[in-house]
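> I am sharing start12.txt, which consists of compact mmCIF, C-alpha atoms:
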```txt
# COMPACT_ATOMS: atom_id res chain seq x y z
CA GLY J 1 102.70 92.32 143.92
CA PHE J 2 100.41 93.41 146.74
CA ARG J 3 101.29 90.40 148.91
CA ASN J 4 104.99 91.32 149.02
CA ASN J 5 104.14 95.00 149.48
CA PHE J 6 102.15 94.22 152.63
CA LEU J 7 104.90 91.88 153.83
CA LYS J 8 107.50 94.64 153.46
CA LEU J 9 105.27 97.25 155.10
CA MET J 10 104.68 94.98 158.11
CA SER J 11 108.44 94.46 158.51
CA LEU J 12 108.95 98.26 158.54
CA ALA J 13 106.20 98.98 161.09
CA ASN J 14 107.26 100.95 164.19
CA TYR J 15 104.06 101.22 166.24
CA GLN J 16 102.63 98.70 168.71
CA VAL J 17 99.28 98.41 166.89
CA ILE J 18 99.25 98.03 163.12
CA PHE J 19 96.49 98.97 160.66
CA LEU J 20 96.75 98.03 156.99
CA SER J 21 94.95 99.98 154.30
CA ASP J 22 93.99 99.45 150.69
CA GLN J 23 93.79 102.50 148.46
CA ASP J 24 90.14 102.18 147.48
CA ASP J 25 88.39 101.32 150.73
CA ILE J 26 86.49 103.83 152.84
CA TRP J 27 87.12 103.96 156.58
CA GLU J 28 84.55 105.23 159.06
CA SER J 29 85.86 108.30 160.87
CA ASN J 30 85.86 106.48 164.24
CA LYS J 31 87.49 103.22 163.06
CA ILE J 32 90.88 103.75 164.72
CA GLU J 33 89.31 105.00 167.94
CA LEU J 34 86.99 101.96 168.19
CA MET J 35 89.72 99.46 167.45
CA MET J 36 92.31 101.07 169.72
CA ARG J 37 89.76 101.02 172.55
CA SER J 38 89.34 97.29 171.86
CA HIS J 39 93.10 96.76 172.16
CA GLU J 40 93.04 98.57 175.52
CA ILE J 41 90.15 96.40 176.77
CA ILE J 42 91.93 93.19 175.75
CA SER J 43 95.13 94.60 177.36
CA ASN J 44 97.62 92.25 175.70
CA PRO J 45 98.69 91.54 172.12
CA ALA J 46 95.79 90.63 169.87
CA VAL J 47 94.36 90.54 166.37
CA ILE J 48 91.04 92.36 166.10
CA VAL J 49 88.70 92.23 163.09
CA SER J 50 85.65 94.38 162.50
CA ASP J 51 82.63 94.31 160.22
CA VAL J 52 82.58 96.02 156.83
CA ASN J 53 80.03 96.80 154.18
CA GLN J 54 81.01 95.15 150.90
CA LEU J 55 80.39 97.32 147.87
CA VAL J 56 80.49 94.80 145.03
CA GLU J 57 80.47 95.96 141.43
CA ARG J 58 77.92 93.98 139.43
CA LYS J 59 78.09 94.93 135.77
CA SER J 60 77.04 98.60 135.76
CA ARG J 61 75.72 98.94 139.32
CA GLY J 62 77.01 98.48 142.84
CA GLU J 63 75.55 96.12 145.41
CA LYS J 64 76.00 96.53 149.18
CA ILE J 65 76.48 93.36 151.23
CA VAL J 66 77.00 93.16 154.98
CA SER J 67 79.96 91.15 156.30
CA GLU J 68 79.69 87.38 156.49
CA PRO J 69 78.73 86.33 160.05
CA ILE J 70 81.43 85.19 162.45
CA ALA J 71 80.64 81.73 163.82
CA ASP J 72 81.64 80.26 167.18
CA LYS J 73 82.49 83.26 169.30
CA ILE J 74 82.16 84.12 172.97
CA ILE J 75 81.43 87.50 174.49
CA PHE J 76 84.55 89.22 175.79
CA ASP J 77 83.17 92.69 176.58
CA LYS J 78 79.43 93.14 176.15
CA ASN J 79 79.49 96.93 176.56
CA ASN J 80 81.86 97.33 173.61
CA ASP J 81 80.46 94.55 171.36
CA LEU J 82 83.76 92.69 171.59
CA TYR J 83 83.99 88.90 171.15
CA GLN J 84 86.72 86.30 171.13
CA ILE J 85 86.66 84.13 168.01
CA LEU J 86 87.09 80.47 168.90
CA PHE J 87 89.46 78.10 167.12
CA THR J 88 86.88 75.82 165.50
CA GLN J 89 86.33 74.24 162.09
CA ASN J 90 83.82 77.01 161.28
CA ASN J 91 86.43 79.70 161.85
CA LEU J 92 89.28 78.32 159.77
CA LYS J 93 88.26 80.53 156.85
CA ASN J 94 89.25 84.17 157.03
CA ARG J 95 86.01 86.16 156.90
CA ARG J 96 87.32 89.74 156.69
CA PRO J 97 89.60 91.82 154.43
CA GLY J 98 92.98 92.84 155.82
CA TRP J 99 92.13 96.53 156.14
CA SER J 100 89.41 95.64 158.69
CA PHE J 101 92.11 94.22 161.01
CA SER J 102 94.26 95.79 163.64
CA PHE J 103 96.99 93.72 165.23
CA SER J 104 99.87 93.90 167.65
CA LYS J 105 103.35 94.33 166.22
CA GLU J 106 104.33 91.26 168.24
CA PHE J 107 102.44 89.07 165.73
CA ILE J 108 104.49 90.24 162.72
CA PRO J 109 107.27 87.59 162.93
CA ASP J 110 104.65 84.80 163.03
CA ILE J 111 102.70 86.36 160.16
CA VAL J 112 105.86 86.72 158.06
CA ASN J 113 106.87 83.10 158.81
CA LEU J 114 103.47 81.82 157.71
CA LEU J 115 103.57 83.88 154.50
CA GLU J 116 107.04 82.55 153.72
CA LEU J 117 105.81 78.96 154.24
CA SER J 118 102.94 79.32 151.79
CA ASN J 119 102.76 81.14 148.47
CA SER J 120 99.02 80.50 148.21
CA ILE J 121 97.71 82.60 151.11
CA PHE J 122 97.35 86.36 151.36
CA HIS J 123 98.51 88.65 154.16
CA ASP J 124 95.03 88.94 155.71
CA GLU J 125 94.64 85.15 155.80
CA ALA J 126 98.01 84.85 157.54
CA ILE J 127 97.00 87.44 160.16
CA TRP J 128 93.68 85.63 160.75
CA TYR J 129 95.39 82.22 161.07
CA VAL J 130 98.06 83.49 163.47
CA GLY J 131 95.42 85.15 165.64
CA ILE J 132 93.12 82.16 165.78
CA ILE J 133 95.87 79.57 166.32
CA GLN J 134 97.18 81.59 169.27
CA ASP J 135 93.66 82.16 170.70
CA ARG J 136 94.15 85.91 170.28
CA LEU J 137 91.64 86.63 167.49
CA PHE J 138 88.88 89.03 168.50
CA TYR J 139 85.85 90.44 166.73
CA LEU J 140 84.52 93.96 167.09
CA ASN J 141 80.86 93.79 166.08
CA ARG J 142 80.87 97.22 164.46
CA ILE J 143 81.05 98.36 160.84
CA THR J 144 84.30 100.29 160.36
CA GLY J 145 84.13 100.99 156.64
CA ASP J 146 83.14 100.11 153.11
CA TRP J 147 85.10 97.49 151.18
CA ARG J 148 85.05 98.24 147.46
CA LYS J 149 85.38 95.19 145.22
CA PHE J 150 85.79 95.73 141.50
CA SER J 151 85.47 93.07 138.83
CA GLY J 152 88.86 92.42 137.30
CA SER J 153 90.83 93.35 140.43
CA GLU J 154 93.58 91.04 141.69
CA THR J 155 91.56 89.76 144.64
CA THR J 156 88.34 89.38 142.66
CA ARG J 157 90.12 87.30 139.99
CA SER J 158 92.04 85.07 142.37
CA LEU J 159 89.61 84.63 145.27
CA SER J 160 86.97 82.24 144.09
CA LEU J 161 85.22 80.12 146.69
CA SER J 162 87.00 77.00 145.44
CA ASN J 163 90.38 78.74 145.78
CA LEU J 164 89.55 79.71 149.36
CA ARG J 165 88.54 76.14 150.17
CA ASN J 166 91.73 74.75 148.63
CA ASN J 167 93.90 77.27 150.53
CA ASN J 168 92.27 76.33 153.82
CA LYS J 169 92.57 72.59 153.13
CA ASN J 170 96.26 72.99 152.22
CA TYR J 171 96.89 75.04 155.34
```
So, in terms of structure tokens, how does the structure I just supplied come out?

Amino acid sequence: GFRNNFLKLMSLANYQVIFLSDQDDIWESNKIELMMRSHEIISNPAVIVSDVNQLVERKSRGEKIVSEPIADKIIFDKNNDLYQILFTQNNLKNRRPGWSFSFSKEFIPDIVNLLELSNSIFHDEAIWYVGIIQDRLFYLNRITGDWRKFSGSETTRSLSLSNLRNNNKNY
């Protein structure tokens, strides 16, 4: 399944900064440039998340929803709209899809360990948790693409709000 595919891809990664991609999402043309600049500003290993537009299929029409707000953050670099996400109760829930992340290769062993410990979390949740637990989770307040969500997809079927709450409680 997709979880094991991402796990394998992360283990094969050769570059210092990793970007994951889903086949149906639309990246802004400057996404990599913006996020790589953020890694340079932070200057040491980090997990960075960005904003996305959610394109949600509702019966026969699409609906565009802006990303859920990030709570409890502090400014890291005002000129580049870069914030550090604080480890608080409000931020225990992953609020972004995996393709809106970039992360240092140095996090991969911790991400893999967390995924192996729990069969109920997805790769993007593991990346979020590792970043926030290590105080290395950052937020780029810029939209870097459109997240397409289709009814009947694997994540739409399995990611109800109650499932997310149960995953976070278990974790």
> May I have the residues within 7 Å of J:Arg148 as a ChimeraX atom specification, using all atoms listed in the file and disregarding those fewer than 3 positions away in the same chain?
/J:24-25,54-56
> Just want the 12 Å neighbourhood of J:Tyr15, counted on all atoms listed in the file, with same-chain residues fewer than 2 positions away dropped. Output as a ChimeraX atom specification.
/J:9-13,17-19,102-106,108
> Which one is closest to J:Gln134: J:Pro69, J:Gly1, J:Pro45, J:Pro97? Count all atoms listed in the file.
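Of all the options, J:Pro45 lies closest to J:Gln134.
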> Just give me the residues with any atom within 9 Å of (88.5, 91.7, 158.5), file coordinates, counting all atoms listed in the file, written as a list in words.
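Result, sorted by chain then residue number: Ile48, Val49, Ser50, Asp51, Val52, Ser67, Asn94, Arg95, Arg96, Pro97, Gly98, Trp99, Ser100, Phe101, Ser102, Asp124, Trp128 and Tyr139 of chain J.
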> Env of J:Asp77: 10 Å cut, atoms = only C-alpha atoms, seq-sep filter 5 positions within chain, self excluded. Answer as a list in words.
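The neighbour list is Ser38, Ile41, Ile42, Leu82, Tyr83, Gln84 and Leu140 of chain J.
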> Write the selection just made, keeping C-alpha atoms, as a PDB file, in the frame of the given file?

```pdb
ATOM      1  CA  SER J  38      89.340  97.290 171.860  1.00  0.00           C
ATOM      2  CA  ILE J  41      90.150  96.400 176.770  1.00  0.00           C
ATOM      3  CA  ILE J  42      91.930  93.190 175.750  1.00  0.00           C
ATOM      4  CA  LEU J  82      83.760  92.690 171.590  1.00  0.00           C
ATOM      5  CA  TYR J  83      83.990  88.900 171.150  1.00  0.00           C
ATOM      6  CA  GLN J  84      86.720  86.300 171.130  1.00  0.00           C
ATOM      7  CA  LEU J 140      84.520  93.960 167.090  1.00  0.00           C
TER       8      LEU J 140
END
```
> Please report the interatomic distance between atom CA of J:Asn113 and atom CA of J:Gly131 in Å with one decimal.
13.5 Å
> Select, from J:Glu68, J:Phe107, J:Asn79, J:Leu20, the residue with the minimum atom-to-atom distance to J:Arg37, counting only C-alpha atoms.
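Of J:Glu68, J:Phe107, J:Asn79, J:Leu20, the one nearest J:Arg37, counting only C-alpha atoms, is J:Asn79.
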> State, in Å with one decimal place, the distance from atom CA of J:Asp72 to atom CA of J:Asn91.
7.2 Å
> Give me the residues near J:Asn30 as an MDAnalysis selection string, where near means some atom within 10 Å (using all atoms listed in the file) and where sequence neighbours in that chain fewer than 5 positions away do not count.
chainID J and resid 35 144:145
